[in-house]
2 protein chains.
Amino acid sequence: MAIVVQKYGGSSVADADKIRNVARRAAAARERGDHVVVVVSAMGETTDRLIELANQVSDHPDDRELDGLLSTGELVSSTLLAMALRSMGAEAISLSGAQAGIRTDAVYSHARILGVKPHRIKKELEQGMIVIVAGFQGITEEMDITTLGRGGSDTTAVALAVSLKAERCELYTDVDGVYTADPRIVPEARRLDEIGYDEMLELASYGAKVIHSRAVELGELHKMPIIVASSFSDKPGTVIHGGALMEVAKKVRGISQDVNVAKVTVVGVPDRTGVASAIFDALARANISIDTIVQNASINRITDLTFTVTKNDLTKAMKVIDPVVKSIGARECTSDSKLASVSIIGAGMQSVPGYAAKMFRALYEAGINIELITTSEIRITCIIDESKAGDAVRVLHRAFELEQGA
Amino acid sequence: MAIVVQKYGGSSVADADKIRNVARRAAAARERGDHVVVVVSAMGETTDRLIELANQVSDHPDDRELDGLLSTGELVSSTLLAMALRSMGAEAISLSGAQAGIRTDAVYSHARILGVKPHRIKKELEQGMIVIVAGFQGITEEMDITTLGRGGSDTTAVALAVSLKAERCELYTDVDGVYTADPRIVPEARRLDEIGYDEMLELASYGAKVIHSRAVELGELHKMPIIVASSFSDKPGTVIHGGALMEVAKKVRGISQDVNVAKVTVVGVPDRTGVASAIFDALARANISIDTIVQNASINRITDLTFTVTKNDLTKAMKVIDPVVKSIGARECTSDSKLASVSIIGAGMQSVPGYAAKMFRALYEAGINIELITTSEIRITCIIDESKAGDAVRVLHRAFELEQGA
């Protein structure tokens, strides 16, 4: 009997009706003859409500206590789902992250999974149970509860699938798969039947919210096929895998956009050893993530250094580097918070030239100015004016003919 | 350094302000130089809300899953209290029932504590922490979460006090102690400075809701002094203990009433061996608690058998015994659901005659008819008409001069 891991997100278990809907889907999977493990997120807005409560009692809620508090959201949804399954005659049992054997480090609020000891899950599966596991949480060696951070339930599901040697991991959410672009922006966007791990990682890192990068990375590392589909329909969804892709002929697979981009430029930087590290060390100590970094060619040993951060980190970033800018003798520091990124992504691009040129031309013809460019082997990203992001995605979707299947 | 266990009920942690109030009280206790362990109930109406959710997804929520669900209420309040304490500069840590080492049997929804393994609590106390423990819950050998039933947090607190060899166990609630009668019924009711375990047990069993019998029994067994006081004032409260009581001169210590009483009479029962056991076996199998049982003297080997149940159990009890009544050849079965009990309680009564007579006379002079009488060594209970319960308590309070101190 194969093992299948299903994960249902917060919008899929938002109320009693939706929980019963998920119960029916899980029971149907069991009836098809598979061993079924179900990972659930907290109901709807539960996590936000718990965070609000924490902020009411404390200006800076303690990390360990906050994790204990937030973990209750998934305990609630998992026990309710088990009840719903049992009331429709299915054998089911809920397990907390601790009971499911999910061991993590002690980095509260974004713990990493160190390993899974799934003997309890296996025992319950052998007894014919549908096993419901509270997502997003684990336990340290000290038996303290941790949470895995945003996208944590996706990561729980893939980690369980890997440790149980499941046939596949199915992630159910409120969209029915991975699209060539956000359908709210590009009405003719097309659902992809399949996508490679690398492509999905680039899409997820550059704005596609459908699945968290950590879960994709884990799937890639252990070659676990991941299916993204809707809990509200029976459409087949998108398979994320590492095998030969049927659609490689179509070199550009998807377009992502992210409007949470701000740019910082340090002007008149003396071009000498240690200057860049002084700036980025300071930002790293302040826990600010940097995305793109561009340094212009040096003229008279003076250069400009530009990097991007998320918009919410901009004020903090400017404050952190202000003393550094002075100490290294740079001229000044400017910023622009009204930016966005658009990226074209496709594993097939790496071997074929001309994609960058085609992208830049399409944007140019639409009158969209490119502020910065950054690339990986399977991605080209342009930083543009925020107000042009939607236009840019539509223009590129058309230029690369993504509305047509492979 | 002495260890003190404090317990705060649901109304004491009902919102963020009240949680901060509890935090201040716990911090003050720590500053007075004691090691402090705090047990908390779920916030306000949380438990009822969770039960409602369970009923929305299932007609008969599974016991194990329901316990997992309900246990989250105390996890929320305990983590919030730890956050509130830390944000005011106190060292504090929250522990779940499992982390606190509270081991129970696997009788879900009313588990019994088998033992406490408090090494984690001790470790945290030694590091100067105020330790917050989620009340009402424990863990089975299988690592499954159980709840202790109504009054469970009181029981958690006393069990922890016993296993930690605490100096005392303080139960904080929304009333400031144990009264000679319910002050809402008898305005001149007086708060008792102290009361014996036995007296408290009788009061609790016969309607005084201030503390659960299980917690008192546990305190008595291990001679743990229990203090009942208000979390909203600094009044000293009532000490429940087993030492010599200062106030024994006052033989009647308190009057309790319970309006949740219904009576069943089986008329014309053949007086032969096995008849009573046939009736009460059937009720026990249906999990119906019986309180008073009275059997009249047999006339011509025919007798009447009367017993009381709670009002909510009456319909079920009538249904359960209907076939039994027929099979034993009794004439019929009648019931009365409009009854109440009033009890006078006091350890000093047992050695002195005349209390029963005085009680009956007082009720008689007030025109209150007695339906049934039942006694223990330190209690006399009369079953009366429900509408007369308040009058009866007031009449008895005056007759035994309870408004006057010892």
# chains A, B, ... in the order shown; residues from 1 in each chain; ligands from 1
>>> residues_around(residues="Asn55 of chain A", least_positions_apart="6", cutoff="10 Å", atoms="only C-alpha atoms", output="list in words")
Arg49, Pro61 and Leu66 of chain A; Ala16, Leu80, Met83 and Ala84 of chain B
>>> closest_atom_pairs(of="chain A", to="chain B", cutoff="10 Å", atoms="only C-alpha atoms", output="CSV")
residue,atom,partner,partner_atom,distance
A:Asp15,CA,B:Leu53,CA,8.8
A:Ala16,CA,B:Val57,CA,5.4
A:Asp17,CA,B:Val57,CA,7.5
A:Lys18,CA,B:Val57,CA,9.5
A:Ile19,CA,B:Val57,CA,7.3
A:Arg20,CA,B:Val57,CA,6.6
A:Ala23,CA,B:Val57,CA,9.8
A:Leu50,CA,B:Val76,CA,8.4
A:Leu53,CA,B:Ala16,CA,7.3
A:Ala54,CA,B:Leu80,CA,6.2
A:Asn55,CA,B:Ala16,CA,9.2
A:Gln56,CA,B:Ala16,CA,5.9
A:Val57,CA,B:Ala84,CA,5.2
A:Ser58,CA,B:Ala84,CA,5.4
A:Asp59,CA,B:Ser87,CA,6.9
A:His60,CA,B:Ser87,CA,6.8
A:Pro61,CA,B:Met83,CA,5.5
A:Asp62,CA,B:Met83,CA,5.7
A:Asp63,CA,B:Met83,CA,9.0
A:Arg64,CA,B:Ile93,CA,8.5
A:Glu65,CA,B:Thr79,CA,5.1
A:Leu66,CA,B:Thr79,CA,7.0
A:Asp67,CA,B:Thr79,CA,8.8
A:Gly68,CA,B:Thr79,CA,6.4
A:Leu69,CA,B:Val76,CA,5.3
A:Leu70,CA,B:Val76,CA,8.3
A:Ser71,CA,B:Thr72,CA,9.0
A:Thr72,CA,B:Thr72,CA,5.5
A:Gly73,CA,B:Thr72,CA,8.3
A:Glu74,CA,B:Thr72,CA,9.8
A:Leu75,CA,B:Leu69,CA,6.6
A:Val76,CA,B:Leu69,CA,5.3
A:Ser77,CA,B:Leu69,CA,8.4
A:Ser78,CA,B:Leu69,CA,8.5
A:Thr79,CA,B:Glu65,CA,5.1
A:Leu80,CA,B:Ala54,CA,6.2
A:Leu81,CA,B:Val57,CA,7.8
A:Ala82,CA,B:Glu65,CA,6.8
A:Met83,CA,B:Pro61,CA,5.5
A:Ala84,CA,B:Val57,CA,5.2
A:Leu85,CA,B:Ser58,CA,8.6
A:Arg86,CA,B:Asp62,CA,7.2
A:Ser87,CA,B:Ser58,CA,5.5
A:Met88,CA,B:Ser58,CA,8.4
A:Ala92,CA,B:Glu65,CA,9.7
A:Ile93,CA,B:Glu65,CA,7.5
A:Ser94,CA,B:Glu65,CA,6.9
A:Leu95,CA,B:Asp144,CA,8.4
A:Ser96,CA,B:Gly68,CA,8.9
A:Ala98,CA,B:Met143,CA,9.2
A:Gln99,CA,B:Met143,CA,7.0
A:Arg120,CA,B:Glu142,CA,9.4
A:Glu142,CA,B:Gln99,CA,9.2
A:Met143,CA,B:Gln99,CA,7.0
A:Asp144,CA,B:Gln99,CA,7.9
A:Ile145,CA,B:Ser96,CA,9.7
>>> select_by_dssp(residues="segment 110-221 of chain B", states="alpha helix (DSSP H)", output="ChimeraX atom specification")
/B:119-126,152-163,197-205,213-221
>>> residues_around(residues="segment 149-157 of chain A", least_positions_apart="5", cutoff="10 Å", atoms="only C-alpha atoms", output="PyMOL selection string")
chain A and resi 5-10+37-42+67+74+97+102+108-113+116+133-138+162+169-172+209-219+226
>>> write_last_selection(atoms="C-alpha atoms", output="tab-separated table (two decimals), in the first residue's frame")
chain	number	residue	atom	x	y	z
A	5	VAL	CA	0.71	12.86	2.29
A	6	GLN	CA	-1.90	15.58	1.79
A	7	LYS	CA	-1.61	19.10	3.14
A	8	TYR	CA	-4.52	21.53	3.48
A	9	GLY	CA	-3.87	25.25	3.99
A	10	GLY	CA	-5.69	27.65	6.29
A	37	VAL	CA	-1.40	11.26	6.19
A	38	VAL	CA	-3.00	14.70	6.31
A	39	VAL	CA	-1.14	17.84	7.41
A	40	VAL	CA	-3.26	20.87	8.30
A	41	SER	CA	-2.63	24.55	8.83
A	42	ALA	CA	-4.51	26.66	11.37
A	67	ASP	CA	5.72	29.48	19.33
A	74	GLU	CA	-2.87	23.72	14.16
A	97	GLY	CA	4.04	17.91	15.78
A	102	ILE	CA	9.04	16.22	14.09
A	108	TYR	CA	11.97	29.71	17.70
A	109	SER	CA	9.59	31.14	15.08
A	110	HIS	CA	11.66	29.79	12.17
A	111	ALA	CA	12.93	26.44	13.36
A	112	ARG	CA	14.52	23.97	10.93
A	113	ILE	CA	13.51	20.33	10.89
A	116	VAL	CA	11.44	13.00	11.73
A	133	VAL	CA	-0.71	15.90	11.74
A	134	ALA	CA	-0.69	19.47	13.04
A	135	GLY	CA	1.48	21.38	10.56
A	136	PHE	CA	3.93	24.23	11.08
A	137	GLN	CA	5.30	22.87	14.37
A	138	GLY	CA	7.91	20.61	15.86
A	162	VAL	CA	10.20	12.01	2.67
A	169	CYS	CA	3.05	14.85	-1.40
A	170	GLU	CA	-0.15	16.70	-2.32
A	171	LEU	CA	-0.45	20.35	-1.26
A	172	TYR	CA	-4.04	21.60	-1.37
A	209	LYS	CA	3.03	32.56	-3.28
A	210	VAL	CA	1.53	29.17	-4.10
A	211	ILE	CA	4.17	27.11	-2.25
A	212	HIS	CA	7.05	27.96	0.05
A	213	SER	CA	10.62	27.60	-1.26
A	214	ARG	CA	11.71	25.53	1.75
A	215	ALA	CA	9.22	22.82	0.89
A	216	VAL	CA	10.38	22.79	-2.75
A	217	GLU	CA	14.04	22.59	-1.72
A	218	LEU	CA	13.28	19.67	0.57
A	219	GLY	CA	11.32	17.95	-2.20
A	226	ILE	CA	4.90	17.47	-5.00
>>> atom_distance(atom1="atom CA of Gly44 of chain B", atom2="atom CA of Asp105 of chain B")
27.2 Å
>>> residues_around(residues="Thr306 of chain B", least_positions_apart="3", cutoff="8 Å", atoms="only C-alpha atoms", output="PyMOL selection string")
chain B and resi 263-266+293-295
>>> residues_around(residues="segment 338-347 of chain A", least_positions_apart="3", cutoff="6 Å", atoms="only C-alpha atoms", output="number ranges by chain")
A: 199, 251-259, 261-262, 378-386
>>> atom_distance(atom1="atom CA of Lys117 of chain A", atom2="atom CA of Ser230 of chain A")
29.4 Å
>>> atom_distance(atom1="atom CA of Ser335 of chain B", atom2="atom CA of Asn300 of chain B")
23.9 Å
>>> select_by_dssp(residues="segment 155-379 of chain B", states="strand (DSSP E or B)", output="number ranges by chain")
B: 168-173, 179, 191, 194-196, 226-230, 238-241, 254-270, 293-295, 299, 302-309, 332-345, 370-376, 379
>>> closest_residue(among="B:Val13, B:Val309, B:Ile321, B:Ile240", to="Ala282 of chain B", atoms="only C-alpha atoms")
B:Ile321
>>> closest_residue(among="A:Glu91, A:Asp271, A:Glu188, A:Asp313", to="Ile328 of chain A", atoms="only C-alpha atoms")
A:Asp271
>>> residues_around(residues="Ile288 of chain B", least_positions_apart="3", cutoff="10 Å", atoms="only C-alpha atoms", output="PyMOL selection string")
chain B and resi 280+282-285+291+309-310+312-314+316-317+320
>>> decode(residues="segment 290-368 of chain A", atoms="C-alpha atoms", output="mmCIF file, in the first residue's frame")
data_model
loop_
_atom_site.group_PDB
_atom_site.id
_atom_site.type_symbol
_atom_site.label_atom_id
_atom_site.label_comp_id
_atom_site.auth_asym_id
_atom_site.auth_seq_id
_atom_site.Cartn_x
_atom_site.Cartn_y
_atom_site.Cartn_z
ATOM 1 C CA ILE A 290 19.442 41.528 0.494
ATOM 2 C CA ASP A 291 18.292 40.412 -2.902
ATOM 3 C CA THR A 292 19.968 41.920 -5.962
ATOM 4 C CA ILE A 293 23.392 43.567 -5.639
ATOM 5 C CA VAL A 294 24.877 45.588 -8.493
ATOM 6 C CA GLN A 295 28.197 47.408 -8.511
ATOM 7 C CA ASN A 296 29.036 49.694 -11.415
ATOM 8 C CA ALA A 297 32.399 49.594 -13.078
ATOM 9 C CA SER A 298 34.783 51.784 -11.119
ATOM 10 C CA ILE A 299 35.804 55.150 -12.563
ATOM 11 C CA ASN A 300 38.829 56.752 -10.869
ATOM 12 C CA ARG A 301 38.537 54.149 -8.130
ATOM 13 C CA ILE A 302 35.086 55.503 -7.230
ATOM 14 C CA THR A 303 31.976 53.390 -7.807
ATOM 15 C CA ASP A 304 28.249 53.182 -6.981
ATOM 16 C CA LEU A 305 26.806 50.207 -5.122
ATOM 17 C CA THR A 306 23.118 49.338 -5.471
ATOM 18 C CA PHE A 307 21.110 46.641 -3.742
ATOM 19 C CA THR A 308 17.472 45.788 -3.168
ATOM 20 C CA VAL A 309 15.617 44.967 0.052
ATOM 21 C CA THR A 310 11.955 44.433 0.869
ATOM 22 C CA LYS A 311 10.002 47.638 1.342
ATOM 23 C CA ASN A 312 9.399 47.017 5.043
ATOM 24 C CA ASP A 313 13.155 46.674 5.632
ATOM 25 C CA LEU A 314 14.043 49.911 3.818
ATOM 26 C CA THR A 315 13.932 52.356 6.753
ATOM 27 C CA LYS A 316 15.914 49.983 8.944
ATOM 28 C CA ALA A 317 18.453 49.387 6.161
ATOM 29 C CA MET A 318 19.016 53.125 5.647
ATOM 30 C CA LYS A 319 19.530 53.627 9.389
ATOM 31 C CA VAL A 320 21.953 50.696 9.626
ATOM 32 C CA ILE A 321 24.206 51.736 6.764
ATOM 33 C CA ASP A 322 24.231 55.474 7.516
ATOM 34 C CA PRO A 323 27.249 55.278 9.875
ATOM 35 C CA VAL A 324 28.963 52.793 7.539
ATOM 36 C CA VAL A 325 28.561 55.118 4.565
ATOM 37 C CA LYS A 326 30.254 57.836 6.594
ATOM 38 C CA SER A 327 33.062 55.641 7.901
ATOM 39 C CA ILE A 328 34.021 54.312 4.449
ATOM 40 C CA GLY A 329 34.000 57.824 2.995
ATOM 41 C CA ALA A 330 31.192 57.314 0.465
ATOM 42 C CA ARG A 331 29.410 60.421 -0.797
ATOM 43 C CA GLU A 332 25.788 59.694 0.009
ATOM 44 C CA CYS A 333 23.050 57.117 0.145
ATOM 45 C CA THR A 334 19.785 57.311 -1.833
ATOM 46 C CA SER A 335 16.764 55.065 -1.947
ATOM 47 C CA ASP A 336 13.666 54.330 -4.022
ATOM 48 C CA SER A 337 10.771 52.413 -2.500
ATOM 49 C CA LYS A 338 8.413 52.381 -5.483
ATOM 50 C CA LEU A 339 9.841 49.403 -7.342
ATOM 51 C CA ALA A 340 8.843 45.926 -8.400
ATOM 52 C CA SER A 341 10.553 42.935 -9.939
ATOM 53 C CA VAL A 342 9.408 40.886 -12.916
ATOM 54 C CA SER A 343 11.105 37.599 -13.721
ATOM 55 C CA ILE A 344 10.944 35.106 -16.569
ATOM 56 C CA ILE A 345 11.750 31.584 -15.476
ATOM 57 C CA GLY A 346 12.422 28.336 -17.344
ATOM 58 C CA ALA A 347 14.954 25.533 -17.077
ATOM 59 C CA GLY A 348 15.183 25.364 -20.871
ATOM 60 C CA MET A 349 16.501 28.946 -21.109
ATOM 61 C CA GLN A 350 19.986 28.117 -19.894
ATOM 62 C CA SER A 351 21.105 26.443 -23.084
ATOM 63 C CA VAL A 352 19.511 28.860 -25.516
ATOM 64 C CA PRO A 353 20.626 32.463 -26.039
ATOM 65 C CA GLY A 354 18.391 35.384 -26.853
ATOM 66 C CA TYR A 355 15.899 35.273 -23.976
ATOM 67 C CA ALA A 356 17.339 38.287 -22.213
ATOM 68 C CA ALA A 357 17.329 40.336 -25.396
ATOM 69 C CA LYS A 358 13.745 39.381 -26.132
ATOM 70 C CA MET A 359 12.695 40.307 -22.584
ATOM 71 C CA PHE A 360 14.416 43.700 -22.658
ATOM 72 C CA ARG A 361 12.967 44.488 -26.087
ATOM 73 C CA ALA A 362 9.435 43.629 -25.009
ATOM 74 C CA LEU A 363 9.713 45.897 -21.976
ATOM 75 C CA TYR A 364 11.301 48.675 -24.026
ATOM 76 C CA GLU A 365 8.521 48.516 -26.640
ATOM 77 C CA ALA A 366 5.965 48.834 -23.845
ATOM 78 C CA GLY A 367 7.743 51.925 -22.555
ATOM 79 C CA ILE A 368 8.914 50.265 -19.338
#
